[in-house]
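These notes concern the structure reproduced below.
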Number of protein chains: 2
Amino acid sequence: MTPHELASASPQQVRTACRTGTFDGPTAGLAPGFAQANLVVLPADLADDFRQFCANNPKPCPVLEITKPGSPEPVRFAPGADLRTDLPRYRMFEHGVCVARTTSVEDHWPIGADLVAFLLGCSFTFERALIDAGVPVRHIEENRNVPMYRTNIECEPSEVFSGPLVVSMRPMTREHAKSATTITARFARVHGAPVHVGRPGEQHSRDLGIPDLSAPDYGDAVTIHPDEVPVFWACGVTPMEAIARAQPAFAITHEPGHMFITDVRDSKLRDPGA
Amino acid sequence: MTPHELASASPQQVRTACRTGTFDGPTAGLAPGFAQANLVVLPADLADDFRQFCANNPKPCPVLEITKPGSPEPVRFAPGADLRTDLPRYRMFEHGVCVARTTSVEDHWPIGADLVAFLLGCSFTFERALIDAGVPVRHIEENRNVPMYRTNIECEPSEVFSGPLVVSMRPMTREHAKSATTITARFARVHGAPVHVGRPGEQHSRDLGIPDLSAPDYGDAVTIHPDEVPVFWACGVTPMEAIARAQPAFAITHEPGHMFITDVRDSKLRDPGA
């Protein structure tokens with residue numbers, strides 16, 4: 001598929017392109033109007049504890065759907081899809097270490113395996129609402145992956161999982177940041193309002209423990225114009241840091257920015273009444 | 001216990017007063033500094049679906065803890081407590097109808113019964129932060145239960161559960177409403193930012209389907225001064241409406257405003273980084 005074809009493709013078309021190997025790039029801006037999701041796959045005996053980690057940290061880890069143990073099908077968000085093949089890229093972890101980056105995990109996740117998949121909300125889901133309100137989304141303009149950073153903010157731990165909050169960043173004017181805050185506050189299921197607005201550490205702004213905005217820990221750096229401030233949202237890459245620290249025997253995640261595209265309209269993930 | 005003693009009591013002291021029958025009133029303002037929680041008890045075979053209902057509606061139904069089937073002890077939020085006796089008041093439902101309002105449900109919830117209890121975040125948890133910031137909380141000032149209203153906003157349904165959003169209301173000046181929005185946006189686990197600011201239906205304000213603010217569906221009416229606007233937050237009474245509609249064979253909830261007081265500091269429920 002050409003970039004142009006992808007930009008107007010349906011969720012099914014993007015997933016098929018992932019499955020057949022014709023697409024393996026970041027998904028921001030793809031299948032406009034449909035919600036995207038982070039993926040975390042864990043051994044079933046850790047599912048309850050990870051669920052608690054998500055409940056403890058609803059801003060980075062808003063649960064959209066949890067699969068039945070043994071099934072790679074998200075029956076609510078994309079019936080018929082296969083989470084083992086339908087994302088562009090994956091990371092595989094053994095004892096907390098990323099041991100492979102692949103475009104399919106079918107060989108390592110047989111049907112019936114004692115694994116549970118979590119789909120977590122993704123901020124790409126509210127980007128359409130930002131663009132519709134005239135708020136520019138730089139990484140889409142620049143055709144890059146969104147920049148993501150590890151912070152010095154600790155998540156609220158569960159028994160097994162703990163780790164630093166990871167944030168995504170979009171630069172914009174202060175005026176746009178106000179609109180973006182109002183808009184995204186209505187999307188609690190996809191990270192909600194920003195966790196921070198402004199250059200970390202500058203002018204009484206909180207130091208997030210991000211030494212250099214031009215060197216993201218995940219994704220790509222984007223242009224920040226002089227009249228702009230960085231705006232940070234809680235990010236669904238946070239579980240990767242928790243996996244690195246908890247060192248479960250086995251885990252799979254999406255590759256940051258390379259999301260699962262669901263069949264659910266992003267407007268459905270707006271808070272009821274918002 | 002006298003009102004004065006209660007106002008400075010510890011969570012354990014309030015729970016003991018509930019258990020021994022010396023207290024059965026609303027809990028706003030009690031055990032200051034400690035998180036309060038809504039209670040929903042359901043047959044274990046409905047737990048997964050109700051969990052999905054909560055995931056679909058994180059603003060009214062933020063999950064704090066889910067008990068192990070058969071156990072009435074919330075091991076994370078109040079180890080040693082007994083959810084069958086340690087709340088001031090309960091409602092018991094059969095087939096969606098409230099059949100009893102009691103101060104204990106021990107007789108109907110034997111240890112080992114195939115029931116699961118959900119503790120959901122409660123907005124009383126952020127009231128201390130409001131008061132500390134100089135934002136008045138009228139129902140505490142007037143020593144009443146918080147007013148709550150059924151709205152015309154439908155929750156995002158799960159397979160079994162659906163129903164209208166219920167909201168709590170606090171009147172304040174527009175200036176205070178701005179501060180309250182900023183403060184409560186940092187408490188995603190206890191309903192987060194308001195869902196609505198302003199008199200419903202007046203001056204282009206959304207009609208929430210609330211015909212009369214002086215006649216709340218749950219709790220007590222409070223004074224609204226002429227220079228004030230009502231500010232509405234998603235409310236943990238929402239599951240009672242979902243129970244009324246889904247008509248499960250059996251269910252228990254707290255009595256609105258009569259919450260479970262946990263051993264967890266309310267500051268612990270602030271979002272990481274907020």
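Labels used: A, B, ... for chains in the order of the structure tokens, numbers from 1 for residues in each chain, and numbers from 1 for ligands as shown.
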* Find the residues near Arg138 of chain B: any atom within 12 Å, counting only C-alpha atoms, skip ones fewer than 2 places away on the same chain, and give them as JSON, numbers by chain. => {"B": [28, 29, 127, 130, 131, 135, 136, 140, 141, 142, 143, 144, 145, 146, 147, 169, 170, 171, 172, 173, 220, 221, 222, 223, 224, 225, 228, 230, 231]}
* To do: Write out as a ChimeraX atom specification every residue belonging to chain A that has an atom at most 8 Å from any atom of chain B, counting only C-alpha atoms.
  => /A:52,55-59,62-65,153-156,165,185,188-189,193,195,271-274
List every residue of segment 13-252 of chain B that DSSP, applied to the backbone of this structure, assigns to alpha helix (DSSP H), and report them as a PDB file with N, CA and C atoms, in the first residue's frame.
```pdb
ATOM      1  N   GLN B  13     -11.548   3.726  63.202  1.00  0.00           N
ATOM      2  CA  GLN B  13     -12.561   4.134  64.182  1.00  0.00           C
ATOM      3  C   GLN B  13     -13.928   4.307  63.532  1.00  0.00           C
ATOM      4  N   VAL B  14     -13.977   4.891  62.316  1.00  0.00           N
ATOM      5  CA  VAL B  14     -15.273   5.039  61.643  1.00  0.00           C
ATOM      6  C   VAL B  14     -15.823   3.665  61.288  1.00  0.00           C
ATOM      7  N   ARG B  15     -14.976   2.763  60.782  1.00  0.00           N
ATOM      8  CA  ARG B  15     -15.452   1.428  60.399  1.00  0.00           C
ATOM      9  C   ARG B  15     -15.970   0.668  61.617  1.00  0.00           C
ATOM     10  N   THR B  16     -15.267   0.810  62.743  1.00  0.00           N
ATOM     11  CA  THR B  16     -15.728   0.156  63.965  1.00  0.00           C
ATOM     12  C   THR B  16     -17.074   0.719  64.402  1.00  0.00           C
ATOM     13  N   ALA B  17     -17.225   2.037  64.288  1.00  0.00           N
ATOM     14  CA  ALA B  17     -18.503   2.671  64.657  1.00  0.00           C
ATOM     15  C   ALA B  17     -19.630   2.158  63.753  1.00  0.00           C
ATOM     16  N   CYS B  18     -19.318   1.916  62.477  1.00  0.00           N
ATOM     17  CA  CYS B  18     -20.322   1.340  61.562  1.00  0.00           C
ATOM     18  C   CYS B  18     -20.652  -0.089  61.991  1.00  0.00           C
ATOM     19  N   ARG B  19     -19.630  -0.849  62.282  1.00  0.00           N
ATOM     20  CA  ARG B  19     -19.793  -2.277  62.587  1.00  0.00           C
ATOM     21  C   ARG B  19     -20.590  -2.477  63.871  1.00  0.00           C
ATOM     22  N   ALA B  47     -19.093 -10.822  37.323  1.00  0.00           N
ATOM     23  CA  ALA B  47     -17.964  -9.940  37.654  1.00  0.00           C
ATOM     24  C   ALA B  47     -17.198  -9.497  36.406  1.00  0.00           C
ATOM     25  N   ASP B  48     -16.942 -10.435  35.494  1.00  0.00           N
ATOM     26  CA  ASP B  48     -16.176 -10.059  34.302  1.00  0.00           C
ATOM     27  C   ASP B  48     -16.910  -9.008  33.481  1.00  0.00           C
ATOM     28  N   ASP B  49     -18.230  -9.190  33.350  1.00  0.00           N
ATOM     29  CA  ASP B  49     -18.972  -8.221  32.548  1.00  0.00           C
ATOM     30  C   ASP B  49     -19.037  -6.863  33.236  1.00  0.00           C
ATOM     31  N   PHE B  50     -19.203  -6.879  34.562  1.00  0.00           N
ATOM     32  CA  PHE B  50     -19.246  -5.590  35.260  1.00  0.00           C
ATOM     33  C   PHE B  50     -17.885  -4.895  35.196  1.00  0.00           C
ATOM     34  N   ARG B  51     -16.826  -5.702  35.233  1.00  0.00           N
ATOM     35  CA  ARG B  51     -15.486  -5.144  35.085  1.00  0.00           C
ATOM     36  C   ARG B  51     -15.369  -4.425  33.732  1.00  0.00           C
ATOM     37  N   GLN B  52     -15.952  -5.033  32.704  1.00  0.00           N
ATOM     38  CA  GLN B  52     -15.930  -4.393  31.385  1.00  0.00           C
ATOM     39  C   GLN B  52     -16.759  -3.109  31.389  1.00  0.00           C
ATOM     40  N   PHE B  53     -17.905  -3.148  32.079  1.00  0.00           N
ATOM     41  CA  PHE B  53     -18.720  -1.921  32.200  1.00  0.00           C
ATOM     42  C   PHE B  53     -17.889  -0.805  32.842  1.00  0.00           C
ATOM     43  N   CYS B  54     -17.125  -1.150  33.868  1.00  0.00           N
ATOM     44  CA  CYS B  54     -16.253  -0.162  34.519  1.00  0.00           C
ATOM     45  C   CYS B  54     -15.178   0.335  33.550  1.00  0.00           C
ATOM     46  N   ALA B  55     -14.574  -0.591  32.793  1.00  0.00           N
ATOM     47  CA  ALA B  55     -13.544  -0.182  31.825  1.00  0.00           C
ATOM     48  C   ALA B  55     -14.154   0.727  30.763  1.00  0.00           C
ATOM     49  N   ASN B  56     -15.407   0.471  30.410  1.00  0.00           N
ATOM     50  CA  ASN B  56     -16.085   1.300  29.403  1.00  0.00           C
ATOM     51  C   ASN B  56     -16.435   2.685  29.934  1.00  0.00           C
ATOM     52  N   PHE B 124     -15.658  12.074  47.285  1.00  0.00           N
ATOM     53  CA  PHE B 124     -15.329  12.610  48.618  1.00  0.00           C
ATOM     54  C   PHE B 124     -13.810  12.656  48.805  1.00  0.00           C
ATOM     55  N   THR B 125     -13.109  11.780  48.063  1.00  0.00           N
ATOM     56  CA  THR B 125     -11.662  11.679  48.180  1.00  0.00           C
ATOM     57  C   THR B 125     -10.949  12.962  47.776  1.00  0.00           C
ATOM     58  N   PHE B 126     -11.519  13.742  46.817  1.00  0.00           N
ATOM     59  CA  PHE B 126     -10.830  14.974  46.409  1.00  0.00           C
ATOM     60  C   PHE B 126     -11.359  16.207  47.142  1.00  0.00           C
ATOM     61  N   GLU B 127     -12.327  16.027  48.034  1.00  0.00           N
ATOM     62  CA  GLU B 127     -12.907  17.201  48.693  1.00  0.00           C
ATOM     63  C   GLU B 127     -11.915  17.880  49.633  1.00  0.00           C
ATOM     64  N   ARG B 128     -11.057  17.090  50.259  1.00  0.00           N
ATOM     65  CA  ARG B 128     -10.039  17.683  51.123  1.00  0.00           C
ATOM     66  C   ARG B 128      -9.130  18.598  50.296  1.00  0.00           C
ATOM     67  N   ALA B 129      -8.757  18.141  49.091  1.00  0.00           N
ATOM     68  CA  ALA B 129      -7.902  18.969  48.225  1.00  0.00           C
ATOM     69  C   ALA B 129      -8.632  20.244  47.810  1.00  0.00           C
ATOM     70  N   LEU B 130      -9.938  20.157  47.584  1.00  0.00           N
ATOM     71  CA  LEU B 130     -10.714  21.362  47.248  1.00  0.00           C
ATOM     72  C   LEU B 130     -10.700  22.344  48.417  1.00  0.00           C
ATOM     73  N   ILE B 131     -11.015  21.830  49.609  1.00  0.00           N
ATOM     74  CA  ILE B 131     -11.073  22.695  50.793  1.00  0.00           C
ATOM     75  C   ILE B 131      -9.709  23.331  51.057  1.00  0.00           C
ATOM     76  N   ASP B 132      -8.653  22.529  50.922  1.00  0.00           N
ATOM     77  CA  ASP B 132      -7.298  23.057  51.146  1.00  0.00           C
ATOM     78  C   ASP B 132      -6.965  24.183  50.168  1.00  0.00           C
ATOM     79  N   ARG B 138     -20.137  22.712  49.745  1.00  0.00           N
ATOM     80  CA  ARG B 138     -21.366  23.132  50.397  1.00  0.00           C
ATOM     81  C   ARG B 138     -21.988  22.054  51.295  1.00  0.00           C
ATOM     82  N   HIS B 139     -22.039  20.795  50.801  1.00  0.00           N
ATOM     83  CA  HIS B 139     -22.728  19.782  51.609  1.00  0.00           C
ATOM     84  C   HIS B 139     -21.972  19.486  52.902  1.00  0.00           C
ATOM     85  N   ILE B 140     -20.658  19.700  52.905  1.00  0.00           N
ATOM     86  CA  ILE B 140     -19.920  19.556  54.170  1.00  0.00           C
ATOM     87  C   ILE B 140     -20.245  20.746  55.075  1.00  0.00           C
ATOM     88  N   GLU B 141     -20.235  21.962  54.497  1.00  0.00           N
ATOM     89  CA  GLU B 141     -20.592  23.158  55.285  1.00  0.00           C
ATOM     90  C   GLU B 141     -21.973  22.999  55.914  1.00  0.00           C
ATOM     91  N   ARG B 174     -17.856  30.754  39.581  1.00  0.00           N
ATOM     92  CA  ARG B 174     -17.159  30.341  38.339  1.00  0.00           C
ATOM     93  C   ARG B 174     -15.649  30.279  38.568  1.00  0.00           C
ATOM     94  N   GLU B 175     -15.146  31.209  39.381  1.00  0.00           N
ATOM     95  CA  GLU B 175     -13.713  31.235  39.657  1.00  0.00           C
ATOM     96  C   GLU B 175     -13.299  29.957  40.399  1.00  0.00           C
ATOM     97  N   HIS B 176     -14.079  29.605  41.423  1.00  0.00           N
ATOM     98  CA  HIS B 176     -13.792  28.368  42.146  1.00  0.00           C
ATOM     99  C   HIS B 176     -13.967  27.146  41.243  1.00  0.00           C
ATOM    100  N   ALA B 177     -14.902  27.216  40.314  1.00  0.00           N
ATOM    101  CA  ALA B 177     -15.118  26.080  39.412  1.00  0.00           C
ATOM    102  C   ALA B 177     -13.877  25.812  38.568  1.00  0.00           C
ATOM    103  N   LYS B 178     -13.182  26.917  38.199  1.00  0.00           N
ATOM    104  CA  LYS B 178     -11.939  26.735  37.420  1.00  0.00           C
ATOM    105  C   LYS B 178     -10.881  26.017  38.255  1.00  0.00           C
ATOM    106  N   SER B 179     -10.709  26.484  39.508  1.00  0.00           N
ATOM    107  CA  SER B 179      -9.731  25.819  40.391  1.00  0.00           C
ATOM    108  C   SER B 179     -10.126  24.364  40.610  1.00  0.00           C
ATOM    109  N   ALA B 180     -11.421  24.130  40.848  1.00  0.00           N
ATOM    110  CA  ALA B 180     -11.881  22.765  41.130  1.00  0.00           C
ATOM    111  C   ALA B 180     -11.641  21.856  39.936  1.00  0.00           C
ATOM    112  N   THR B 181     -11.780  22.401  38.725  1.00  0.00           N
ATOM    113  CA  THR B 181     -11.537  21.590  37.527  1.00  0.00           C
ATOM    114  C   THR B 181     -10.071  21.190  37.452  1.00  0.00           C
ATOM    115  N   THR B 182      -9.193  22.171  37.701  1.00  0.00           N
ATOM    116  CA  THR B 182      -7.760  21.884  37.653  1.00  0.00           C
ATOM    117  C   THR B 182      -7.376  20.848  38.706  1.00  0.00           C
ATOM    118  N   ILE B 183      -7.904  21.025  39.917  1.00  0.00           N
ATOM    119  CA  ILE B 183      -7.536  20.129  41.019  1.00  0.00           C
ATOM    120  C   ILE B 183      -8.050  18.712  40.770  1.00  0.00           C
ATOM    121  N   THR B 184      -9.322  18.598  40.401  1.00  0.00           N
ATOM    122  CA  THR B 184      -9.909  17.261  40.303  1.00  0.00           C
ATOM    123  C   THR B 184      -9.463  16.533  39.040  1.00  0.00           C
ATOM    124  N   THR B 238     -23.746   5.545  39.819  1.00  0.00           N
ATOM    125  CA  THR B 238     -24.099   5.079  38.468  1.00  0.00           C
ATOM    126  C   THR B 238     -24.371   3.565  38.417  1.00  0.00           C
ATOM    127  N   PRO B 239     -23.577   2.718  39.080  1.00  0.00           N
ATOM    128  CA  PRO B 239     -23.866   1.273  39.025  1.00  0.00           C
ATOM    129  C   PRO B 239     -25.248   0.903  39.567  1.00  0.00           C
ATOM    130  N   MET B 240     -25.807   1.684  40.488  1.00  0.00           N
ATOM    131  CA  MET B 240     -27.147   1.329  41.004  1.00  0.00           C
ATOM    132  C   MET B 240     -28.176   1.407  39.887  1.00  0.00           C
ATOM    133  N   GLU B 241     -28.039   2.397  39.018  1.00  0.00           N
ATOM    134  CA  GLU B 241     -28.951   2.505  37.881  1.00  0.00           C
ATOM    135  C   GLU B 241     -28.731   1.335  36.915  1.00  0.00           C
ATOM    136  N   ALA B 242     -27.475   0.932  36.763  1.00  0.00           N
ATOM    137  CA  ALA B 242     -27.171  -0.205  35.873  1.00  0.00           C
ATOM    138  C   ALA B 242     -27.710  -1.506  36.453  1.00  0.00           C
ATOM    139  N   ILE B 243     -27.684  -1.627  37.777  1.00  0.00           N
ATOM    140  CA  ILE B 243     -28.252  -2.813  38.437  1.00  0.00           C
ATOM    141  C   ILE B 243     -29.768  -2.816  38.271  1.00  0.00           C
ATOM    142  N   ALA B 244     -30.378  -1.642  38.411  1.00  0.00           N
ATOM    143  CA  ALA B 244     -31.838  -1.559  38.242  1.00  0.00           C
ATOM    144  C   ALA B 244     -32.239  -2.018  36.841  1.00  0.00           C
ATOM    145  N   ARG B 245     -31.404  -1.678  35.839  1.00  0.00           N
ATOM    146  CA  ARG B 245     -31.766  -2.032  34.473  1.00  0.00           C
ATOM    147  C   ARG B 245     -31.413  -3.484  34.131  1.00  0.00           C
ATOM    148  N   ALA B 246     -30.245  -3.946  34.608  1.00  0.00           N
ATOM    149  CA  ALA B 246     -29.805  -5.310  34.249  1.00  0.00           C
ATOM    150  C   ALA B 246     -30.540  -6.382  35.063  1.00  0.00           C
TER     151      ALA B 246
END
```
* Computed interatomic separation between atom CA of Ala251 of chain B and atom CA of Gly236 of chain B (Å) ->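 We find that atom CA of Ala251 of chain B and atom CA of Gly236 of chain B lie 15.1 Å from each other.
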* Asked: To one decimal place, how far is atom CA of Pro200 of chain A from atom CA of Cys61 of chain A in Å?
  -> 22.7 Å
* Contacts of Ala100 of chain A within 8 Å, only C-alpha atoms, excl. fewer than 4 positions in-chain, as a count of residues only -> 3
